[in-house]
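Participant: If it helps, the file is called upload-v7.txt and holds compact mmCIF, C-alpha atoms (C1' of nucleotides):
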```txt
# COMPACT_ATOMS: atom_id res chain seq x y z
CA MET A 1 8.79 29.86 28.52
CA GLU A 2 7.12 28.73 25.30
CA ARG A 3 7.82 31.85 23.29
CA VAL A 4 6.96 32.22 19.63
CA ARG A 5 10.22 30.43 18.78
CA LYS A 6 12.36 30.63 15.75
CA ARG A 7 9.74 28.86 13.69
CA GLY A 8 10.57 25.63 12.03
CA HIS A 9 9.36 22.11 12.56
CA ASP A 10 8.77 20.03 15.63
CA PRO A 11 7.99 16.34 16.06
CA GLU A 12 4.28 17.06 15.73
CA SER A 13 4.43 18.99 12.47
CA VAL A 14 6.84 16.46 11.00
CA LEU A 15 4.44 13.65 11.88
CA ALA A 16 1.45 15.46 10.42
CA ILE A 17 3.15 16.15 7.11
CA ALA A 18 4.77 12.72 6.96
CA VAL A 19 1.43 10.98 7.41
CA ARG A 20 -0.08 13.10 4.67
CA VAL A 21 2.67 12.01 2.28
CA PHE A 22 2.47 8.38 3.45
CA ASN A 23 -1.21 8.41 2.52
CA GLU A 24 -0.55 9.97 -0.87
CA ARG A 25 2.22 7.62 -1.97
CA GLY A 26 1.98 4.71 0.46
CA TYR A 27 4.41 4.15 3.32
CA ASP A 28 6.77 1.96 1.32
CA GLY A 29 6.45 4.23 -1.68
CA THR A 30 7.61 7.24 0.34
CA SER A 31 11.32 7.94 0.73
CA MET A 32 12.85 10.15 3.39
CA GLU A 33 13.78 12.40 0.49
CA ASP A 34 10.08 12.70 -0.36
CA LEU A 35 9.35 13.68 3.22
CA ALA A 36 12.19 16.18 3.26
CA ARG A 37 10.84 17.83 0.13
CA ALA A 38 7.36 18.06 1.63
CA LEU A 39 8.81 19.57 4.82
CA GLY A 40 11.01 22.05 2.97
CA VAL A 41 14.20 20.81 4.63
CA THR A 42 16.93 18.30 3.88
CA LYS A 43 16.70 14.64 4.74
CA SER A 44 19.01 14.90 7.70
CA ALA A 45 16.91 17.59 9.38
CA ILE A 46 14.13 15.05 9.84
CA TYR A 47 16.34 13.02 12.16
CA TYR A 48 16.69 15.99 14.45
CA HIS A 49 12.96 15.79 15.22
CA VAL A 50 12.15 12.07 14.98
CA PRO A 51 14.21 8.88 15.31
CA GLY A 52 13.42 7.54 11.86
CA LYS A 53 10.90 6.47 9.28
CA GLU A 54 9.46 3.50 11.13
CA GLN A 55 8.96 5.54 14.31
CA LEU A 56 6.89 7.98 12.31
CA LEU A 57 4.71 5.11 11.21
CA ALA A 58 4.47 3.71 14.74
CA ARG A 59 3.41 7.05 16.20
CA ALA A 60 0.82 7.57 13.48
CA LEU A 61 -0.67 4.11 13.94
CA ASP A 62 -0.88 4.64 17.69
CA ARG A 63 -2.99 7.75 17.16
CA ALA A 64 -5.52 5.71 15.24
CA LEU A 65 -5.46 2.73 17.57
CA ASP A 66 -5.70 4.80 20.73
CA GLY A 67 -8.92 6.27 19.38
CA LEU A 68 -10.40 2.86 18.71
CA ASP A 69 -9.28 1.58 22.12
CA ALA A 70 -11.00 4.51 23.81
CA LEU A 71 -14.16 3.65 21.92
CA ILE A 72 -14.04 0.07 23.14
CA ALA A 73 -13.37 1.14 26.72
CA ASP A 74 -16.36 3.48 26.64
CA GLU A 75 -18.63 0.93 25.09
CA ARG A 76 -17.72 -1.95 27.38
CA ALA A 77 -19.20 0.08 30.22
CA ALA A 78 -22.41 0.73 28.26
CA SER A 79 -25.69 -1.12 28.54
CA GLY A 80 -28.87 -1.42 26.52
CA PRO A 81 -29.96 -3.58 23.57
CA ALA A 82 -27.15 -4.94 21.42
CA ILE A 83 -28.55 -3.35 18.27
CA ALA A 84 -28.50 0.07 19.91
CA ARG A 85 -24.95 -0.43 21.12
CA LEU A 86 -23.92 -1.56 17.64
CA GLU A 87 -25.45 1.53 16.14
CA ARG A 88 -23.54 3.66 18.61
CA VAL A 89 -20.27 1.87 17.84
CA VAL A 90 -20.74 2.48 14.14
CA ARG A 91 -21.49 6.12 14.78
CA GLN A 92 -18.48 6.55 17.04
CA SER A 93 -16.25 4.69 14.60
CA VAL A 94 -17.22 7.12 11.88
CA ARG A 95 -16.46 9.99 14.21
CA ILE A 96 -13.01 8.66 15.08
CA LEU A 97 -12.33 7.92 11.45
CA VAL A 98 -13.20 11.49 10.49
CA ASP A 99 -11.48 13.11 13.47
CA ARG A 100 -8.26 11.19 12.96
CA LEU A 101 -8.67 10.66 9.22
CA PRO A 102 -5.02 10.52 8.09
CA TYR A 103 -3.99 8.23 10.93
CA VAL A 104 -6.86 5.80 10.46
CA THR A 105 -6.31 5.85 6.71
CA LEU A 106 -2.73 4.78 7.26
CA LEU A 107 -3.80 2.08 9.71
CA LEU A 108 -6.25 0.56 7.27
CA ARG A 109 -3.51 0.10 4.68
CA VAL A 110 -1.03 -1.65 6.91
CA ARG A 111 -0.12 -5.15 5.70
CA GLY A 112 2.25 -6.39 8.42
CA ASN A 113 5.58 -5.85 6.64
CA SER A 114 7.47 -5.01 9.83
CA ALA A 115 7.19 -5.63 13.56
CA THR A 116 5.62 -2.19 13.90
CA GLU A 117 2.95 -3.04 11.35
CA GLN A 118 2.29 -6.44 12.87
CA ARG A 119 1.77 -4.94 16.30
CA ALA A 120 -0.70 -2.48 14.81
CA LEU A 121 -2.57 -5.26 13.01
CA GLU A 122 -2.89 -7.16 16.26
CA ARG A 123 -4.36 -4.19 18.07
CA ARG A 124 -6.71 -3.61 15.18
CA ARG A 125 -7.90 -7.21 15.34
CA GLU A 126 -9.00 -6.60 18.92
CA PHE A 127 -11.31 -3.87 17.70
CA ASP A 128 -12.66 -6.11 14.96
CA ALA A 129 -13.30 -8.86 17.48
CA PHE A 130 -15.19 -6.46 19.71
CA VAL A 131 -17.48 -5.35 16.89
CA SER A 132 -17.92 -8.90 15.67
CA HIS A 133 -19.09 -9.97 19.10
CA LEU A 134 -21.58 -7.13 19.22
CA VAL A 135 -23.11 -8.09 15.87
CA LYS A 136 -23.43 -11.69 17.05
CA GLU A 137 -25.26 -10.47 20.14
CA ALA A 138 -27.67 -8.46 18.05
CA ALA A 139 -28.21 -11.46 15.78
CA ALA A 140 -28.77 -13.78 18.74
CA ASP A 141 -31.50 -11.62 20.26
CA GLY A 142 -33.25 -11.44 16.91
CA SER A 143 -32.85 -7.75 16.20
CA ILE A 144 -31.12 -8.13 12.85
CA ARG A 145 -32.14 -10.24 9.86
CA PRO A 146 -31.67 -13.91 10.68
CA ASP A 147 -30.78 -14.87 7.10
CA LEU A 148 -27.44 -13.05 7.23
CA ASP A 149 -24.27 -14.48 8.74
CA PRO A 150 -23.18 -12.13 11.57
CA ALA A 151 -19.50 -12.42 10.67
CA LEU A 152 -20.31 -11.42 7.11
CA VAL A 153 -22.45 -8.52 8.27
CA THR A 154 -19.60 -7.27 10.45
CA ARG A 155 -17.22 -7.28 7.54
CA LEU A 156 -19.52 -5.64 5.03
CA LEU A 157 -20.75 -3.07 7.53
CA PHE A 158 -17.24 -2.01 8.48
CA GLY A 159 -16.17 -2.33 4.88
CA ALA A 160 -18.57 0.52 4.22
CA VAL A 161 -17.38 2.45 7.29
CA ASN A 162 -13.71 2.05 6.47
CA SER A 163 -14.23 2.97 2.83
CA ILE A 164 -14.83 6.51 4.04
CA THR A 165 -11.05 6.94 4.21
CA GLU A 166 -10.90 6.44 0.46
CA TRP A 167 -12.77 9.60 -0.44
CA TYR A 168 -13.72 11.75 2.54
CA GLN A 169 -12.32 15.26 2.61
CA PRO A 170 -12.80 17.32 5.77
CA GLY A 171 -14.89 20.39 5.10
CA ARG A 172 -16.54 18.90 2.05
CA GLY A 173 -19.44 16.50 2.21
CA GLY A 174 -20.97 16.76 5.65
CA SER A 175 -19.98 16.18 9.24
CA ALA A 176 -19.13 12.86 10.82
CA ASP A 177 -22.63 12.65 12.24
CA GLU A 178 -24.31 13.27 8.91
CA LEU A 179 -22.09 10.64 7.36
CA ALA A 180 -22.97 8.16 10.08
CA ASP A 181 -26.67 8.97 9.66
CA ALA A 182 -26.52 8.15 5.97
CA LEU A 183 -24.49 5.00 6.51
CA LEU A 184 -26.83 3.74 9.22
CA ALA A 185 -29.89 4.61 7.14
CA MET A 186 -28.53 2.55 4.26
CA THR A 187 -27.28 -0.46 6.19
CA PHE A 188 -29.85 -0.67 8.97
CA GLY A 189 -32.87 0.68 7.14
CA GLY A 190 -32.11 -0.40 3.59
CA LEU A 191 -31.86 1.56 0.37
CA ARG A 192 -35.19 0.55 -1.11
CA VAL A 193 -38.22 2.74 -0.52
CA MET B 1 4.25 -29.47 -30.54
CA GLU B 2 3.32 -28.35 -27.03
CA ARG B 3 4.75 -31.29 -25.11
CA VAL B 4 4.87 -31.46 -21.33
CA ARG B 5 8.03 -29.34 -21.37
CA LYS B 6 10.88 -29.26 -18.98
CA ARG B 7 8.74 -27.69 -16.26
CA GLY B 8 9.61 -24.34 -14.92
CA HIS B 9 7.92 -20.98 -15.11
CA ASP B 10 6.25 -19.04 -17.86
CA PRO B 11 4.98 -15.46 -18.01
CA GLU B 12 1.60 -16.58 -16.66
CA SER B 13 2.88 -18.40 -13.59
CA VAL B 14 5.31 -15.60 -12.84
CA LEU B 15 2.46 -13.10 -12.97
CA ALA B 16 0.24 -15.19 -10.73
CA ILE B 17 2.87 -15.61 -8.05
CA ALA B 18 4.06 -12.02 -8.34
CA VAL B 19 0.56 -10.69 -7.80
CA ARG B 20 0.14 -12.90 -4.76
CA VAL B 21 3.30 -11.46 -3.24
CA PHE B 22 2.36 -7.90 -4.25
CA ASN B 23 -0.88 -8.34 -2.32
CA GLU B 24 0.88 -9.74 0.71
CA ARG B 25 3.56 -7.06 1.01
CA GLY B 26 2.29 -4.27 -1.19
CA TYR B 27 3.74 -3.47 -4.62
CA ASP B 28 6.30 -0.98 -3.33
CA GLY B 29 7.12 -3.22 -0.41
CA THR B 30 7.98 -6.10 -2.73
CA SER B 31 11.49 -6.39 -4.18
CA MET B 32 12.43 -8.47 -7.19
CA GLU B 33 14.43 -10.54 -4.72
CA ASP B 34 11.19 -11.26 -2.83
CA LEU B 35 9.57 -12.39 -6.06
CA ALA B 36 12.55 -14.57 -6.94
CA ARG B 37 12.34 -16.27 -3.56
CA ALA B 38 8.63 -16.94 -3.99
CA LEU B 39 9.28 -18.34 -7.48
CA GLY B 40 12.18 -20.52 -6.35
CA VAL B 41 14.60 -18.98 -8.85
CA THR B 42 17.15 -16.17 -8.90
CA LYS B 43 16.25 -12.59 -9.63
CA SER B 44 17.65 -12.68 -13.13
CA ALA B 45 15.45 -15.63 -14.13
CA ILE B 46 12.40 -13.38 -13.74
CA TYR B 47 13.69 -11.17 -16.55
CA TYR B 48 13.73 -14.13 -18.89
CA HIS B 49 9.91 -14.35 -18.60
CA VAL B 50 8.78 -10.76 -18.09
CA PRO B 51 10.28 -7.38 -18.93
CA GLY B 52 10.33 -6.04 -15.38
CA LYS B 53 8.51 -5.17 -12.21
CA GLU B 54 6.29 -2.40 -13.55
CA GLN B 55 5.17 -4.57 -16.48
CA LEU B 56 4.03 -7.19 -14.00
CA LEU B 57 1.93 -4.54 -12.30
CA ALA B 58 0.55 -3.26 -15.59
CA ARG B 59 -0.50 -6.74 -16.73
CA ALA B 60 -2.13 -7.49 -13.40
CA LEU B 61 -4.07 -4.23 -13.37
CA ASP B 62 -5.26 -4.83 -16.93
CA ARG B 63 -6.77 -8.16 -15.86
CA ALA B 64 -8.88 -6.38 -13.29
CA LEU B 65 -9.79 -3.46 -15.49
CA ASP B 66 -10.68 -5.60 -18.51
CA GLY B 67 -13.21 -7.40 -16.32
CA LEU B 68 -14.80 -4.16 -15.20
CA ASP B 69 -14.84 -2.82 -18.78
CA ALA B 70 -16.63 -5.95 -19.97
CA LEU B 71 -19.21 -5.42 -17.25
CA ILE B 72 -19.83 -1.86 -18.40
CA ALA B 73 -20.07 -2.90 -22.03
CA ASP B 74 -22.64 -5.58 -21.18
CA GLU B 75 -24.65 -3.27 -19.01
CA ARG B 76 -24.74 -0.34 -21.41
CA ALA B 77 -26.70 -2.58 -23.75
CA ALA B 78 -29.15 -3.57 -21.00
CA SER B 79 -32.56 -2.11 -20.32
CA GLY B 80 -35.07 -2.15 -17.49
CA PRO B 81 -35.54 -0.08 -14.32
CA ALA B 82 -32.42 1.62 -13.03
CA ILE B 83 -32.70 -0.07 -9.64
CA ALA B 84 -32.72 -3.50 -11.28
CA ARG B 85 -29.72 -2.61 -13.41
CA LEU B 86 -27.91 -1.32 -10.35
CA GLU B 87 -28.60 -4.54 -8.52
CA ARG B 88 -27.21 -6.47 -11.46
CA VAL B 89 -24.10 -4.29 -11.61
CA VAL B 90 -23.44 -4.89 -7.92
CA ARG B 91 -23.92 -8.62 -8.38
CA GLN B 92 -21.62 -8.74 -11.40
CA SER B 93 -19.04 -6.58 -9.67
CA VAL B 94 -18.93 -9.06 -6.80
CA ARG B 95 -18.53 -11.86 -9.31
CA ILE B 96 -15.62 -10.18 -11.08
CA LEU B 97 -14.05 -9.29 -7.77
CA VAL B 98 -14.20 -12.91 -6.67
CA ASP B 99 -13.19 -14.38 -10.04
CA ARG B 100 -10.20 -12.07 -10.40
CA LEU B 101 -9.62 -11.53 -6.71
CA PRO B 102 -5.84 -10.97 -6.64
CA TYR B 103 -5.92 -8.64 -9.63
CA VAL B 104 -8.80 -6.55 -8.33
CA THR B 105 -7.22 -6.46 -4.88
CA LEU B 106 -4.08 -5.00 -6.40
CA LEU B 107 -6.10 -2.49 -8.40
CA LEU B 108 -7.93 -1.21 -5.35
CA ARG B 109 -4.65 -0.39 -3.62
CA VAL B 110 -3.11 1.60 -6.46
CA ARG B 111 -2.33 5.21 -5.50
CA GLY B 112 -0.95 6.64 -8.76
CA ASN B 113 2.78 6.54 -7.99
CA SER B 114 3.78 5.85 -11.60
CA ALA B 115 2.41 6.36 -15.09
CA THR B 116 1.20 2.76 -15.03
CA GLU B 117 -0.73 3.35 -11.83
CA GLN B 118 -2.16 6.63 -13.04
CA ARG B 119 -3.45 5.01 -16.21
CA ALA B 120 -5.10 2.31 -14.10
CA LEU B 121 -6.70 4.89 -11.82
CA GLU B 122 -8.12 6.69 -14.82
CA ARG B 123 -9.70 3.54 -16.19
CA ARG B 124 -11.06 2.76 -12.75
CA ARG B 125 -12.63 6.18 -12.52
CA GLU B 126 -14.63 5.38 -15.66
CA PHE B 127 -16.16 2.44 -13.88
CA ASP B 128 -16.95 4.56 -10.84
CA ALA B 129 -18.58 7.18 -13.04
CA PHE B 130 -20.74 4.54 -14.69
CA VAL B 131 -21.99 3.23 -11.36
CA SER B 132 -22.48 6.71 -10.00
CA HIS B 133 -24.66 7.59 -12.96
CA LEU B 134 -26.74 4.47 -12.42
CA VAL B 135 -27.38 5.31 -8.77
CA LYS B 136 -28.43 8.82 -9.76
CA GLU B 137 -30.91 7.35 -12.25
CA ALA B 138 -32.38 5.11 -9.58
CA ALA B 139 -32.62 8.06 -7.21
CA ALA B 140 -34.24 10.25 -9.88
CA ASP B 141 -37.01 7.78 -10.60
CA GLY B 142 -37.73 7.44 -6.91
CA SER B 143 -36.74 3.83 -6.38
CA ILE B 144 -34.20 4.48 -3.63
CA ARG B 145 -34.58 6.49 -0.44
CA PRO B 146 -34.78 10.18 -1.30
CA ASP B 147 -33.06 11.27 1.91
CA LEU B 148 -29.69 9.86 0.81
CA ASP B 149 -27.26 11.63 -1.49
CA PRO B 150 -26.74 9.40 -4.55
CA ALA B 151 -23.01 10.12 -4.71
CA LEU B 152 -22.67 9.07 -1.08
CA VAL B 153 -24.72 5.93 -1.65
CA THR B 154 -22.47 4.98 -4.54
CA ARG B 155 -19.38 5.32 -2.41
CA LEU B 156 -20.69 3.46 0.61
CA LEU B 157 -22.27 0.71 -1.50
CA PHE B 158 -19.07 0.06 -3.40
CA GLY B 159 -17.08 0.57 -0.25
CA ALA B 160 -18.84 -2.54 1.02
CA VAL B 161 -18.34 -4.36 -2.29
CA ASN B 162 -14.65 -3.52 -2.52
CA SER B 163 -14.03 -4.44 1.09
CA ILE B 164 -14.53 -8.05 0.05
CA THR B 165 -10.92 -8.03 -1.18
CA GLU B 166 -9.80 -7.45 2.39
CA TRP B 167 -10.96 -10.80 3.74
CA TYR B 168 -12.47 -13.09 1.10
CA GLN B 169 -10.71 -16.42 0.60
CA PRO B 170 -11.82 -18.58 -2.33
CA GLY B 171 -13.26 -21.86 -1.14
CA ARG B 172 -14.17 -20.52 2.28
CA GLY B 173 -17.25 -18.48 2.94
CA GLY B 174 -19.65 -18.97 0.06
CA SER B 175 -19.77 -18.33 -3.66
CA ALA B 176 -19.78 -14.97 -5.36
CA ASP B 177 -23.55 -15.18 -5.75
CA GLU B 178 -24.16 -15.95 -2.10
CA LEU B 179 -21.91 -13.05 -1.19
CA ALA B 180 -23.78 -10.73 -3.51
CA ASP B 181 -27.09 -11.94 -2.09
CA ALA B 182 -26.03 -11.06 1.43
CA LEU B 183 -24.61 -7.70 0.40
CA LEU B 184 -27.73 -6.75 -1.53
CA ALA B 185 -29.97 -7.95 1.29
CA MET B 186 -28.12 -5.70 3.71
CA THR B 187 -27.80 -2.60 1.56
CA PHE B 188 -31.06 -2.73 -0.39
CA GLY B 189 -33.29 -4.38 2.18
CA GLY B 190 -31.69 -3.18 5.41
CA LEU B 191 -30.34 -5.03 8.40
CA ARG B 192 -33.22 -4.40 10.77
CA VAL B 193 -36.02 -6.94 10.99
C1' DG C 1 29.81 40.26 24.25
C1' DT C 2 30.06 35.44 25.39
C1' DG C 3 28.34 30.81 25.73
C1' DT C 4 24.60 27.71 24.84
C1' DT C 5 20.96 25.75 22.45
C1' DT C 6 17.93 25.02 18.47
C1' DA C 7 17.32 23.76 13.93
C1' DC C 8 19.36 22.75 10.30
C1' DC C 9 22.93 21.50 6.00
C1' DG C 10 26.13 18.70 3.20
C1' DA C 11 28.77 14.86 2.68
C1' DA C 12 29.24 10.39 3.41
C1' DC C 13 27.81 5.63 4.97
C1' DA C 14 26.46 0.67 4.12
C1' DT C 15 22.78 -1.57 2.09
C1' DT C 16 19.26 -2.58 -1.10
C1' DC C 17 17.10 -1.54 -5.32
C1' DG C 18 15.67 -2.82 -10.32
C1' DG C 19 18.01 -4.38 -14.05
C1' DT C 20 21.89 -6.41 -17.42
C1' DC C 21 24.68 -9.86 -19.45
C1' DA C 22 27.91 -13.54 -20.44
C1' DG C 23 27.89 -17.99 -19.58
C1' DT C 24 25.97 -22.79 -18.04
C1' DT C 25 22.80 -26.69 -17.89
C1' DG C 26 20.03 -30.25 -19.37
C1' DA C 27 16.37 -31.93 -22.40
C1' DC C 28 15.54 -32.87 -26.95
C1' DA C 29 16.04 -33.52 -32.33
C1' DA C 30 18.83 -35.12 -35.99
C1' DT D 1 27.31 -37.67 -31.14
C1' DT D 2 26.49 -33.40 -32.06
C1' DG D 3 23.98 -29.17 -32.10
C1' DT D 4 20.09 -26.41 -30.68
C1' DC D 5 17.53 -23.93 -27.53
C1' DA D 6 14.65 -22.96 -23.50
C1' DA D 7 15.51 -21.86 -18.85
C1' DC D 8 18.12 -20.56 -15.97
C1' DT D 9 22.70 -18.84 -12.68
C1' DG D 10 26.04 -15.64 -10.80
C1' DA D 11 28.55 -11.70 -11.05
C1' DC D 12 27.86 -7.26 -11.60
C1' DC D 13 26.06 -2.09 -12.45
C1' DG D 14 24.52 2.53 -11.26
C1' DA D 15 21.06 4.57 -8.66
C1' DA D 16 18.36 5.06 -4.66
C1' DT D 17 17.52 3.80 0.04
C1' DG D 18 17.50 4.96 5.38
C1' DT D 19 20.67 6.70 8.52
C1' DT D 20 24.83 9.05 10.69
C1' DC D 21 27.89 12.72 11.62
C1' DG D 22 30.75 16.93 11.75
C1' DG D 23 29.88 21.38 11.18
C1' DT D 24 27.23 26.00 11.38
C1' DA D 25 24.21 30.03 11.46
C1' DA D 26 20.96 32.28 13.98
C1' DA D 27 18.34 32.93 18.18
C1' DC D 28 18.48 33.02 22.86
C1' DA D 29 20.28 33.53 28.07
C1' DC D 30 23.19 36.01 30.94
```
Would you write the structure of this file as structure tokens?
Facilitator:
Amino acid sequence: MERVRKRGHDPESVLAIAVRVFNERGYDGTSMEDLARALGVTKSAIYYHVPGKEQLLARALDRALDGLDALIADERAASGPAIARLERVVRQSVRILVDRLPYVTLLLRVRGNSATEQRALERRREFDAFVSHLVKEAAADGSIRPDLDPALVTRLLFGAVNSITEWYQPGRGGSADELADALLAMTFGGLRV
Amino acid sequence: MERVRKRGHDPESVLAIAVRVFNERGYDGTSMEDLARALGVTKSAIYYHVPGKEQLLARALDRALDGLDALIADERAASGPAIARLERVVRQSVRILVDRLPYVTLLLRVRGNSATEQRALERRREFDAFVSHLVKEAAADGSIRPDLDPALVTRLLFGAVNSITEWYQPGRGGSADELADALLAMTFGGLRV
DNA sequence: GTGTTTACCGAACATTCGGTCAGTTGACAA
DNA sequence: TTGTCAACTGACCGAATGTTCGGTAAACAC
């Protein structure tokens, strides 16, 4: 009946710690021995909780991708000017990135070395395509600068968004909303006074 | 007397191909066997040209870092308003990134797993500190929006710059200068019309 | 107290890793 | 023709890799 239990690990705590180590040393740079050390158990204990290294990666990537999918689903049902929807997508992306920081960080570093990684890259491309389409809409109705290529804007804009994973530390340096405010002020409004 | 030679590899061609594979699969995800396959030779032939895997990484990272160091050296001697110097640093950073794309790409993915990587990270931090200082100058003299934290602006701005390594392909999609123009238009001028 | 389950350990597994080394090949000079 | 030498091959090494498995101690159910 869900008592306090002997204390020890479960699939969730193993995943959380594994993802932290994956982000510190890179997935390929992390051995099961590294994970075991971080968990305070031996290598073999890990296999009691999870099926293996690649499954840990797959589960972590799903956490990130499920968040982005939910964002798309929400936003497909939305209406209003494209520029306003774009702004909302950026803001929500920042929120997801901050909420699920370690998982999104891992996702953004995936290079397609295994079937698991390739599947994740494909799902990620769907998100990119969605955003790209939105920027094109905003460009077509004349609400963003006409001298900039929409595809390029998409990439630079989300380059800035995604770079948050490189330095953001929860607790320090503002909430997701404050971050999004600053990012939108810079990219939509411009740095110059 | 420097004839045409038997044809085959030399340290330079090995490095170039190795870095390409490192960027495709990640440094830790690349085995010497992978490199040998890409070079069309056996593993042991690699050791005739270069001392080993980590030396390949070290040489590649130096190419990127030497470019950034040269930029700093140039710019320390420069004068003029901070905002103009910042703009020039961004433009030159884009140029170096494009000119030395595979090397800079590799540098930006380093996580400090070995002494070689840690040394590279330290050198990179010097560059970041230089840029950060420049943004603070521009903020102090009132030439960028006062509502944005200079440290945050530095990170987001160079987040956009560095993201170029994620998608840029030489030949396609404009020169370094055109890229820099678009990036500066977006971040300094703002997207909105 | 007995039996079951949970969470783990230690030893071993086959495979892959980065790296070494003695030998081979073929182009070239003399 | 002979000898040199750059550029490799192939066999191999010890260590590390991800994973499996038999066993076990402690907590729980009855």
Participant: Using all atoms listed in the file, find the one residue out of B:Leu121, B:Ala180, B:Ala73, B:Leu97 that sits nearest to Arg109 (chain B).
Facilitator: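 Answer, going by the shortest atom-to-atom distance: B:Leu121.
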Participant: Could I get the residues of chain C with an atom no further than 8 Å from an atom of chain B, each paired with its nearest atom pair and that distance in Å to one decimal, using all atoms listed in the file, sorted by chain and residue number, as a Markdown table?
Facilitator:
```
| residue | atom | partner | partner_atom | distance |
| --- | --- | --- | --- | --- |
| C:DC17 | C1' | B:Ser31 | CA | 7.5 |
| C:DG18 | C1' | B:Met32 | CA | 7.2 |
| C:DG19 | C1' | B:Gly52 | CA | 8.0 |
| C:DA27 | C1' | B:Lys6 | CA | 7.0 |
```
Participant: Please identify all residues of chain A having at least one atom at most 7 Å from any atom of chain B, considering only C-alpha atoms, and return them as a tab-separated table (two decimals) with C-alpha atoms, keeping the file's coordinate frame.
Facilitator:
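Result file follows (part15.tsv):
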```tsv
chain	number	residue	atom	x	y	z
A	24	GLU	CA	-0.55	9.97	-0.87
A	25	ARG	CA	2.22	7.62	-1.97
A	28	ASP	CA	6.77	1.96	1.32
A	29	GLY	CA	6.45	4.23	-1.68
A	111	ARG	CA	-0.12	-5.15	5.70
A	113	ASN	CA	5.58	-5.85	6.64
A	143	SER	CA	-32.85	-7.75	16.20
A	144	ILE	CA	-31.12	-8.13	12.85
A	145	ARG	CA	-32.14	-10.24	9.86
A	148	LEU	CA	-27.44	-13.05	7.23
A	156	LEU	CA	-19.52	-5.64	5.03
A	157	LEU	CA	-20.75	-3.07	7.53
A	159	GLY	CA	-16.17	-2.33	4.88
A	160	ALA	CA	-18.57	0.52	4.22
A	163	SER	CA	-14.23	2.97	2.83
A	182	ALA	CA	-26.52	8.15	5.97
A	186	MET	CA	-28.53	2.55	4.26
A	187	THR	CA	-27.28	-0.46	6.19
A	188	PHE	CA	-29.85	-0.67	8.97
A	189	GLY	CA	-32.87	0.68	7.14
A	190	GLY	CA	-32.11	-0.40	3.59
A	191	LEU	CA	-31.86	1.56	0.37
A	192	ARG	CA	-35.19	0.55	-1.11
A	193	VAL	CA	-38.22	2.74	-0.52
```
Participant: Residues of chain D within 8 Å of chain B, using all atoms listed in the file, as an MDAnalysis selection string?
Facilitator: chainID D and resid 7:9
Participant: Can you list, as a list in words, every protein, DNA or RNA residue that comes within 12 Å of DC5 (chain D) when you count only C-alpha atoms (C1' of nucleotides), leaving out same-chain residues fewer than 3 positions away?
Facilitator: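 Contacts, with the query itself left out: DT25, DG26, DA27, DC28 and DA29 of chain C.
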Participant: Between CA of Arg119 (chain A) and CA of Phe22 (chain A), what is the distance, to one decimal in Å?
Facilitator: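 For CA of Arg119 (chain A) relative to CA of Phe22 (chain A), the distance reads 18.5 Å.
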Participant: Have a look at CA of Leu106 (chain B) and CA of Arg172 (chain B) and let me know their distance in Å, one decimal.
Facilitator: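 Computing it gives 20.4 Å between the two atoms.
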Participant: What is the CA of Ala18 (chain B)-C1' of DG18 (chain D) distance in Å, reported with one decimal?
Facilitator: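 It comes out at 25.6 Å.
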Participant: Compare C:DG1, C:DA11, C:DT20, C:DT6 by their minimum atom-to-atom distance to DC28 (chain D), counting all atoms listed in the file, and give me the closest one.
Facilitator: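 Of the candidates, the smallest distance to DC28 (chain D) is held by C:DT6.
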Participant: Give me the residues near Val135 (chain B) as a list of chain:residue names, where near means some atom within 9 Å (using all atoms listed in the file) and where sequence neighbours in that chain fewer than 2 positions away do not count.
Facilitator: B:Ala82, B:Ile83, B:Leu86, B:Phe130, B:Val131, B:Ser132, B:His133, B:Glu137, B:Ala138, B:Ala139, B:Ala140, B:Ile144, B:Pro150, B:Ala151, B:Val153, B:Thr154
Participant: Pull C-alpha atoms from the residues just selected and write them as a PDB file, in the coordinates of the input.
Facilitator:
```pdb
ATOM      1  CA  ALA B  82     -32.420   1.620 -13.030  1.00  0.00           C
ATOM      2  CA  ILE B  83     -32.700  -0.070  -9.640  1.00  0.00           C
ATOM      3  CA  LEU B  86     -27.910  -1.320 -10.350  1.00  0.00           C
ATOM      4  CA  PHE B 130     -20.740   4.540 -14.690  1.00  0.00           C
ATOM      5  CA  VAL B 131     -21.990   3.230 -11.360  1.00  0.00           C
ATOM      6  CA  SER B 132     -22.480   6.710 -10.000  1.00  0.00           C
ATOM      7  CA  HIS B 133     -24.660   7.590 -12.960  1.00  0.00           C
ATOM      8  CA  GLU B 137     -30.910   7.350 -12.250  1.00  0.00           C
ATOM      9  CA  ALA B 138     -32.380   5.110  -9.580  1.00  0.00           C
ATOM     10  CA  ALA B 139     -32.620   8.060  -7.210  1.00  0.00           C
ATOM     11  CA  ALA B 140     -34.240  10.250  -9.880  1.00  0.00           C
ATOM     12  CA  ILE B 144     -34.200   4.480  -3.630  1.00  0.00           C
ATOM     13  CA  PRO B 150     -26.740   9.400  -4.550  1.00  0.00           C
ATOM     14  CA  ALA B 151     -23.010  10.120  -4.710  1.00  0.00           C
ATOM     15  CA  VAL B 153     -24.720   5.930  -1.650  1.00  0.00           C
ATOM     16  CA  THR B 154     -22.470   4.980  -4.540  1.00  0.00           C
TER      17      THR B 154
END
```
Participant: Between C:DC21, C:DA30, C:DC8, C:DA14, which one has atoms that come closest to DC12 (chain D), using only C-alpha atoms (C1' of nucleotides)?
Facilitator: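 Residue with the minimum atom-to-atom distance to DC12 (chain D): C:DC21.
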